[in-house]
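Just model-v3.txt here, compact mmCIF, C-alpha atoms:
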```txt
# COMPACT_ATOMS: atom_id res chain seq x y z
CA MET A 243 0.00 0.00 0.00
CA ALA A 244 2.71 2.51 0.94
CA ASN A 245 5.67 3.15 -1.37
CA MET A 246 8.86 4.58 0.11
CA HIS A 247 9.77 7.93 -1.45
CA GLY A 248 12.74 9.88 -0.18
CA THR A 249 12.65 7.45 2.78
CA ILE A 250 9.17 8.78 3.67
CA PRO A 251 6.21 6.52 2.82
CA ARG A 252 3.95 7.69 0.01
CA ILE A 253 0.32 6.58 0.41
CA ASP A 254 -2.20 6.68 -2.42
CA PHE A 255 -5.65 7.72 -1.19
CA ALA A 256 -7.34 6.77 -4.47
CA GLY A 257 -10.81 5.42 -3.75
CA ILE A 258 -11.13 7.29 -0.45
CA ASP A 259 -13.91 9.86 -0.37
CA PRO A 260 -12.30 13.13 0.81
CA THR A 261 -15.53 13.95 2.63
CA ALA A 262 -15.44 10.63 4.56
CA ALA A 263 -14.34 12.03 7.92
CA ALA A 264 -17.34 10.26 9.47
CA GLY A 265 -16.22 6.83 8.29
CA PRO A 266 -15.39 4.66 5.28
CA GLY A 267 -18.67 4.98 3.45
CA GLY A 268 -18.88 2.62 0.47
CA ASP A 269 -15.65 0.67 0.00
CA SER A 270 -14.81 -0.46 3.51
CA SER A 271 -12.00 -2.78 2.36
CA ARG A 272 -10.22 0.09 0.61
CA TRP A 273 -10.67 2.27 3.69
CA ALA A 274 -9.20 -0.46 5.90
CA ALA A 275 -6.18 -0.92 3.63
CA VAL A 276 -5.35 2.79 3.51
CA ARG A 277 -5.99 3.11 7.25
CA ALA A 278 -3.46 0.35 7.96
CA ALA A 279 -0.86 2.05 5.76
CA VAL A 280 -1.48 5.39 7.46
CA MET A 281 -1.07 3.93 10.92
CA ASP A 282 2.08 2.00 9.97
CA ALA A 283 3.64 5.15 8.53
CA LEU A 284 2.79 7.31 11.55
CA CYS A 285 4.01 4.69 14.03
CA GLU A 286 7.30 4.01 12.27
CA HIS A 287 8.12 7.37 10.66
CA GLY A 288 5.80 9.96 12.16
CA GLY A 289 4.63 11.04 8.72
CA PHE A 290 3.99 10.24 5.10
CA GLU A 291 3.16 11.81 1.76
CA ALA A 292 -0.54 11.56 1.00
CA VAL A 293 -1.48 11.55 -2.67
CA MET A 294 -5.13 12.36 -3.31
CA ASP A 295 -5.35 13.26 -6.98
CA GLY A 296 -8.17 15.63 -7.76
CA LEU A 297 -8.58 16.93 -4.22
CA ILE A 298 -7.26 20.35 -5.22
CA SER A 299 -7.35 21.53 -8.82
CA PRO A 300 -4.17 22.84 -10.49
CA GLU A 301 -5.91 26.20 -10.84
CA LEU A 302 -6.61 26.46 -7.10
CA THR A 303 -3.07 25.32 -6.28
CA ALA A 304 -1.66 28.05 -8.54
CA ALA A 305 -3.96 30.66 -7.03
CA MET A 306 -2.78 29.73 -3.54
CA MET A 307 0.90 28.86 -3.93
CA GLY A 308 1.97 29.98 -7.40
CA PRO A 309 3.56 33.24 -8.62
CA GLY A 310 1.28 36.11 -7.69
CA GLY A 311 -0.88 33.76 -5.63
CA ALA A 312 -2.30 34.25 -2.15
CA ALA A 313 0.89 33.34 -0.29
CA GLU A 314 3.12 35.59 -2.37
CA SER A 315 0.61 38.46 -2.30
CA PHE A 316 0.65 38.53 1.49
CA PHE A 317 4.41 38.28 1.95
CA SER A 318 4.97 40.95 -0.70
CA LEU A 319 3.20 43.52 1.46
CA PRO A 320 5.30 46.17 3.25
CA PRO A 321 6.75 45.01 6.60
CA GLY A 322 4.80 47.63 8.49
CA THR A 323 1.53 46.41 7.01
CA LYS A 324 2.20 42.76 7.82
CA ALA A 325 3.20 43.69 11.36
CA LEU A 326 -0.32 44.99 11.99
CA TYR A 327 -1.52 41.40 12.21
CA THR A 328 -0.06 40.35 15.55
CA ASN A 329 -1.15 38.55 18.69
CA LYS A 330 0.69 39.62 21.84
CA GLU A 331 -0.91 36.93 24.01
CA LYS A 332 -0.20 33.97 21.71
CA LEU A 333 3.17 34.29 20.02
CA TYR A 334 2.41 31.54 17.52
CA LEU A 335 -0.50 33.50 16.04
CA GLY A 336 -0.50 36.49 13.73
CA TYR A 337 2.48 37.62 11.66
CA VAL A 338 5.94 36.63 12.85
CA ALA A 339 9.34 37.52 11.40
CA SER A 340 12.31 35.39 12.43
CA PHE A 341 14.27 36.59 15.44
CA ILE A 342 17.06 34.03 14.90
CA PRO A 343 20.21 35.56 13.32
CA GLY A 344 21.02 34.10 9.93
CA MET A 345 17.59 32.51 9.52
CA PRO A 346 15.35 34.91 7.61
CA TYR A 347 11.83 33.57 7.84
CA GLU A 348 8.31 34.96 7.89
CA SER A 349 5.06 33.30 8.84
CA LEU A 350 1.39 34.12 9.10
CA SER A 351 -0.90 32.10 11.39
CA VAL A 352 -4.69 32.32 11.32
CA MET A 353 -6.93 30.48 13.80
CA ASP A 354 -10.11 28.86 12.51
CA PRO A 355 -9.45 29.71 8.84
CA LEU A 356 -12.76 28.08 7.82
CA SER A 357 -14.82 30.45 9.95
CA SER A 358 -16.72 33.13 8.08
CA ASP A 359 -14.73 36.06 9.44
CA ALA A 360 -11.14 34.92 10.14
CA VAL A 361 -9.64 35.34 6.68
CA PRO A 362 -11.80 38.37 5.71
CA SER A 363 -10.70 40.12 8.92
CA LEU A 364 -7.07 39.55 7.99
CA ALA A 365 -7.63 40.75 4.44
CA GLY A 366 -9.48 43.84 5.60
CA LEU A 367 -6.50 44.79 7.72
CA MET A 368 -3.92 44.07 5.00
CA TRP A 369 -5.87 45.58 2.08
CA PRO A 370 -8.09 48.28 3.61
CA GLY A 371 -10.83 49.48 1.33
CA THR A 372 -10.99 46.38 -0.88
CA GLY A 373 -10.49 43.46 1.50
CA ASN A 374 -8.95 41.55 -1.43
CA PRO A 375 -11.89 39.19 -2.08
CA SER A 376 -9.78 37.02 -4.40
CA PHE A 377 -7.33 36.34 -1.54
CA CYS A 378 -10.19 35.41 0.79
CA GLU A 379 -11.90 33.10 -1.69
CA THR A 380 -8.65 31.33 -2.56
CA VAL A 381 -7.51 30.77 1.01
CA GLN A 382 -10.90 29.58 2.23
CA ALA A 383 -11.40 27.21 -0.74
CA TYR A 384 -7.90 25.78 -0.32
CA MET A 385 -8.34 25.26 3.41
CA GLU A 386 -11.65 23.46 2.93
CA LYS A 387 -9.92 20.90 0.70
CA VAL A 388 -6.90 20.40 2.94
CA SER A 389 -9.06 20.13 6.07
CA ALA A 390 -11.01 17.29 4.42
CA LEU A 391 -7.81 15.25 4.09
CA GLU A 392 -6.77 16.05 7.68
CA ALA A 393 -10.14 14.89 9.02
CA VAL A 394 -9.93 11.60 7.12
CA VAL A 395 -6.43 10.85 8.44
CA ARG A 396 -7.41 11.76 12.01
CA ARG A 397 -10.45 9.47 11.79
CA MET A 398 -8.29 6.61 10.54
CA VAL A 399 -5.84 6.99 13.43
CA LEU A 400 -8.56 7.07 16.08
CA GLU A 401 -10.17 3.96 14.60
CA SER A 402 -6.79 2.21 14.56
CA VAL A 403 -6.33 2.61 18.32
CA GLY A 404 -9.81 1.37 19.12
CA ALA A 405 -11.68 4.62 19.64
CA ALA A 406 -15.43 4.19 19.43
CA ALA A 407 -17.27 6.01 16.66
CA GLU A 408 -18.90 8.25 19.24
CA HIS A 409 -15.50 9.22 20.65
CA ALA A 410 -14.15 10.05 17.20
CA GLY A 411 -17.12 12.32 16.60
CA GLU A 412 -16.76 14.07 19.94
CA GLN A 413 -13.02 14.48 19.47
CA GLY A 414 -13.67 16.25 16.20
CA LYS A 415 -15.93 18.76 17.93
CA THR A 416 -13.13 19.81 20.29
CA THR A 417 -10.52 20.15 17.53
CA SER A 418 -9.53 23.57 16.21
CA LEU A 419 -7.70 24.34 12.99
CA ARG A 420 -4.88 26.77 12.34
CA LEU A 421 -3.43 27.91 9.02
CA ARG A 422 0.21 28.87 8.71
CA LEU A 423 1.69 30.42 5.59
CA SER A 424 5.48 30.69 5.57
CA ALA A 425 8.09 32.32 3.36
CA TYR A 426 11.77 31.31 3.27
CA PRO A 427 13.89 33.76 1.24
CA ALA A 428 16.29 32.11 -1.18
CA PRO A 429 19.92 32.24 -0.03
CA GLY A 430 21.14 32.42 -3.63
CA THR A 431 23.59 29.57 -3.12
CA ALA A 432 23.54 25.81 -3.64
CA GLU A 433 24.64 25.27 -0.05
CA GLY A 434 21.74 24.60 2.28
CA ARG A 435 20.88 27.09 5.02
CA VAL A 436 18.62 26.35 7.98
CA GLY A 437 15.40 28.31 7.52
CA LEU A 438 13.64 26.87 10.56
CA PRO A 439 15.36 24.89 13.34
CA ALA A 440 14.39 21.31 14.11
CA HIS A 441 11.28 20.97 16.26
CA ARG A 442 8.30 18.76 16.98
CA ASP A 443 4.78 20.02 16.32
CA THR A 444 2.45 20.45 19.28
CA SER A 445 -0.54 19.62 17.09
CA LEU A 446 -2.57 16.50 16.42
CA LEU A 447 -1.70 16.55 12.73
CA SER A 448 -0.12 18.95 10.27
CA VAL A 449 -0.75 18.83 6.53
CA LEU A 450 1.81 20.68 4.40
CA THR A 451 1.93 21.80 0.79
CA GLN A 452 4.53 24.00 -0.89
CA ASN A 453 5.21 25.95 -4.06
CA GLY A 454 7.24 23.21 -5.72
CA ILE A 455 10.45 24.04 -3.85
CA ASP A 456 11.68 21.39 -1.43
CA GLY A 457 13.11 22.28 1.93
CA ILE A 458 11.47 20.35 4.73
CA GLU A 459 13.56 17.57 6.25
CA VAL A 460 12.27 14.91 8.64
CA GLU A 461 14.35 12.80 11.00
CA LEU A 462 14.73 9.21 9.83
CA GLY A 463 13.24 6.37 11.78
CA ARG A 464 11.61 6.61 15.16
CA GLY A 465 13.94 9.24 16.53
CA ALA A 466 17.16 7.33 15.86
CA GLY A 467 20.05 9.56 16.82
CA GLY A 468 17.77 12.43 17.81
CA GLY A 469 17.50 13.59 14.20
CA GLY A 470 21.22 13.77 13.53
CA GLY A 471 22.36 16.31 16.05
CA GLY A 472 19.43 17.37 18.17
CA GLU A 473 17.07 20.29 18.29
CA TRP A 474 19.34 22.85 16.64
CA ALA A 475 21.24 20.65 14.19
CA ARG A 476 22.58 22.30 11.05
CA PRO A 477 22.87 20.48 7.71
CA GLU A 478 26.63 20.03 7.92
CA GLN A 479 26.29 18.40 11.34
CA SER A 480 23.87 15.64 10.37
CA PRO A 481 24.66 12.22 8.88
CA VAL A 482 24.10 11.48 5.21
CA VAL A 483 20.40 11.32 4.40
CA GLY A 484 19.41 7.69 4.24
CA GLY A 485 21.66 6.59 7.09
CA LYS A 486 20.55 5.80 10.59
CA GLY A 487 19.81 8.97 12.46
CA GLY A 488 19.87 11.18 9.36
CA TRP A 489 17.26 13.29 7.63
CA ALA A 490 14.73 12.46 4.94
CA ARG A 491 14.08 15.21 2.39
CA PRO A 492 10.84 14.27 0.64
CA THR A 493 9.99 15.73 -2.74
CA LEU A 494 6.24 16.24 -2.87
CA SER A 495 4.58 15.15 -6.08
CA PRO A 496 1.87 17.24 -7.77
CA GLY A 497 -1.25 16.59 -5.72
CA GLY A 498 0.87 15.44 -2.77
CA PHE A 499 0.66 16.54 0.86
CA LEU A 500 3.15 15.93 3.65
CA VAL A 501 1.27 14.70 6.72
CA LEU A 502 3.12 14.78 10.06
CA ALA A 503 1.99 13.66 13.50
CA GLY A 504 2.31 16.07 16.40
CA ASP A 505 2.76 15.61 20.14
CA MET A 506 -0.98 15.61 20.84
CA LEU A 507 -1.62 12.70 18.49
CA ARG A 508 1.18 10.87 20.26
CA VAL A 509 -0.72 11.35 23.52
CA LEU A 510 -4.09 10.28 22.07
CA THR A 511 -2.56 7.05 20.74
CA ASN A 512 -0.74 6.34 24.03
CA GLY A 513 2.66 6.72 22.43
CA ARG A 514 2.05 4.46 19.43
CA VAL A 515 2.26 7.30 16.93
CA PHE A 516 5.64 9.04 16.67
CA SER A 517 5.98 12.84 16.42
CA PRO A 518 9.22 13.46 14.48
CA LEU A 519 11.71 16.27 14.62
CA HIS A 520 11.65 18.21 11.37
CA ARG A 521 13.29 21.36 10.05
CA VAL A 522 13.51 23.51 6.93
CA VAL A 523 16.74 23.83 4.93
CA VAL A 524 16.64 26.17 1.94
CA ALA A 525 18.96 26.68 -1.02
CA GLY A 526 18.89 28.08 -4.54
CA GLU A 527 17.48 31.21 -6.12
CA ARG A 528 13.74 31.03 -5.42
CA THR A 529 11.75 31.87 -2.30
CA ARG A 530 10.08 28.85 -0.78
CA TYR A 531 6.44 29.23 0.27
CA SER A 532 4.64 26.64 2.35
CA CYS A 533 1.09 26.24 3.57
CA ILE A 534 0.38 24.14 6.68
CA LEU A 535 -2.94 23.25 8.24
CA PHE A 536 -2.60 22.26 11.90
CA SER A 537 -5.29 20.49 13.90
CA ASN A 538 -5.12 21.11 17.64
CA PRO A 539 -7.16 20.44 20.76
CA GLY A 540 -9.04 23.44 22.07
CA ASP A 541 -7.10 25.42 24.68
CA ASP A 542 -9.27 24.16 27.57
CA VAL A 543 -9.42 20.55 26.41
CA VAL A 544 -7.95 17.86 28.67
CA VAL A 545 -5.67 15.76 26.46
CA ARG A 546 -5.40 12.06 27.31
CA ALA A 547 -5.04 8.73 25.57
CA VAL A 548 -8.29 7.39 24.09
CA ASP A 549 -9.81 4.51 26.04
CA GLY A 550 -9.08 1.96 23.34
CA ALA A 551 -5.34 2.71 23.42
CA VAL A 552 -4.86 1.90 27.13
CA ASP A 553 -5.19 -1.58 28.60
CA ALA A 554 -3.34 -4.03 30.84
CA GLU A 555 -0.69 -4.66 28.20
CA HIS A 556 -0.42 -0.99 27.23
CA PRO A 557 -0.54 1.16 30.38
CA ALA A 558 -0.82 4.92 30.06
CA VAL A 559 2.39 6.56 28.83
CA TYR A 560 1.35 10.17 29.47
CA LYS A 561 -0.57 11.89 32.23
CA PRO A 562 -3.71 13.85 31.23
CA PHE A 563 -3.18 17.60 30.92
CA VAL A 564 -4.88 20.74 29.70
CA TYR A 565 -3.64 21.74 26.26
CA SER A 566 -3.15 25.42 27.12
CA GLU A 567 -0.92 24.44 30.04
CA TYR A 568 1.28 22.45 27.70
CA LEU A 569 1.58 25.43 25.36
CA GLY A 570 2.64 27.62 28.27
CA PHE A 571 5.28 25.09 29.20
CA ILE A 572 6.84 24.64 25.75
CA PHE A 573 7.08 28.36 25.10
CA SER A 574 8.94 29.00 28.34
CA LYS A 575 12.54 30.12 28.04
CA GLU A 576 13.79 27.04 29.91
CA GLN A 577 12.21 24.60 27.46
CA TYR A 578 12.90 26.45 24.22
CA LYS A 579 15.67 24.13 22.99
CA ASN A 580 14.40 20.92 24.58
CA PRO A 581 13.70 18.41 21.76
CA ASN A 582 11.59 16.20 24.03
CA LYS A 583 9.19 18.65 25.61
CA LEU A 584 6.27 16.23 25.79
CA GLU A 585 8.19 13.64 27.78
CA THR A 586 9.52 16.30 30.12
CA PHE A 587 6.02 17.68 30.71
CA ALA A 588 3.71 14.68 30.81
CA ALA A 589 5.50 11.33 30.81
CA VAL A 590 4.15 8.99 33.49
CA GLY A 591 6.65 8.94 36.35
CA ILE A 592 7.58 12.63 35.94
CA ASP A 593 6.71 14.74 38.97
CA GLY A 594 4.67 17.85 38.48
```
Transcribe the structure of this file into structure tokens.
Amino acid sequence: MANMHGTIPRIDFAGIDPTAAAGPGGDSSRWAAVRAAVMDALCEHGGFEAVMDGLISPELTAAMMGPGGAAESFFSLPPGTKALYTNKEKLYLGYVASFIPGMPYESLSVMDPLSSDAVPSLAGLMWPGTGNPSFCETVQAYMEKVSALEAVVRRMVLESVGAAAEHAGEQGKTTSLRLRLSAYPAPGTAEGRVGLPAHRDTSLLSVLTQNGIDGIEVELGRGAGGGGGGEWARPEQSPVVGGKGGWARPTLSPGGFLVLAGDMLRVLTNGRVFSPLHRVVVAGERTRYSCILFSNPGDDVVVRAVDGAVDAEHPAVYKPFVYSEYLGFIFSKEQYKNPNKLETFAAVGIDG
């Protein structure tokens, strides 16, 4: 079912209804086969490339990620204009420019991008007077398609660990979505430069697309070697890609999406799913744009392993905790460079 591509599994979702977040629908055998491949990939690698041809049209992809598209139109705005979209309480929201020397990077994060007012409010601030309706329509249409894939994958994972259908439905109601657009200026050289240091996502899942320029690298295996040098590894410090403890650098195919598991999915599955370190390394002459949809628990949600994932043979690996408390912990100065924040915060046997 899964083909290895760039040492990251590639899974073909052909035959899976992209609106099937509530279950397999017609072809239950096809659903079961893809579900098994998804779970194997997330347990062994922490991610995979999902190919769902026809989910997003080439025209919509170009309007979102291509030259002159939504991503480029935002990042081409004057710095002072972009800086108007900030969130002082939650540093991971709003517009952020890199504060790390030698790593020029910009990102835009929007909570609940499928809500009726989130993207229009952003556009009204960035393009006063017009609100840039084309930008709004493109971003919202693109997010609707990507969120359909995310919901299908999340459903498959919950089913795989024995969650009841009712639990899967309730879990979906407490899940929030966040859009992140990122820009990585081209260094103008063939030598790779770190655009974003290695980190693990705090989310349930992240679904990434890009403008045809590779750059994301994912640690090989289930954390072998800590990703080739730890949280702040640079390209020259890591082993050759393909070796134990090195980095995979997947090349996404047209119609492909990189799906990565985050720390919260690791908790829900009682440690079965792996949340990998990953980073961005850029090179060449063209700016890299990426679009990521994150699914997260609500801030006040208590995160714990689903009932089906815990039994006598598989005792709880993590203590229950409130998601907002975990966010406060990981963004503290003391934990900033810790590559294993989840274990430090919530592993069973850790005091606190």
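Residues lying within 8 Å of region 423-429 of chain A, counting all atoms listed in the file and ignoring same-chain neighbours fewer than 2 positions away, are Ala313, Phe317, Pro346, Tyr347, Glu348, Ser349, Leu350, Ser351, Leu421, Thr431, Arg435, Gly437, Val524, Ala525, Gly526, Glu527, Arg528, Thr529, Arg530, Tyr531, Ser532, Cys533 and Ile534 of chain A.
Each of A:Ile253, A:Leu319, A:Ala262, A:Met398 was checked against Asp295 (chain A) using all atoms listed in the file; the smallest atom-to-atom distance is that of A:Ile253.
For the pair CA of Ala406 (chain A) and CA of Pro557 (chain A), the separation is 18.7 Å.
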Can you tell me, as a JSON list (two decimals) with C-alpha atoms, in the coordinates of the input, what residues are no more than 8 Å from Pro362 (chain A) when counting all atoms listed in the file, ignoring any on the same chain fewer than 5 positions away?
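Result file follows (out11.json):
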```
[["chain", "number", "residue", "atom", "x", "y", "z"],
["A", 373, "GLY", "CA", -10.49, 43.46, 1.50],
["A", 375, "PRO", "CA", -11.89, 39.19, -2.08],
["A", 378, "CYS", "CA", -10.19, 35.41, 0.79]]
```
A:Met306, A:Ala551, A:Val361, A:Val293 ranked by distance to Leu400 (chain A), top pick (using all atoms listed in the file): A:Ala551
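With only C-alpha atoms as the atoms that count, the minimum distance from Gly434 (chain A) to the choices A:Gly257, A:Pro370, A:Ile458, A:Pro496 is reached by A:Ile458.
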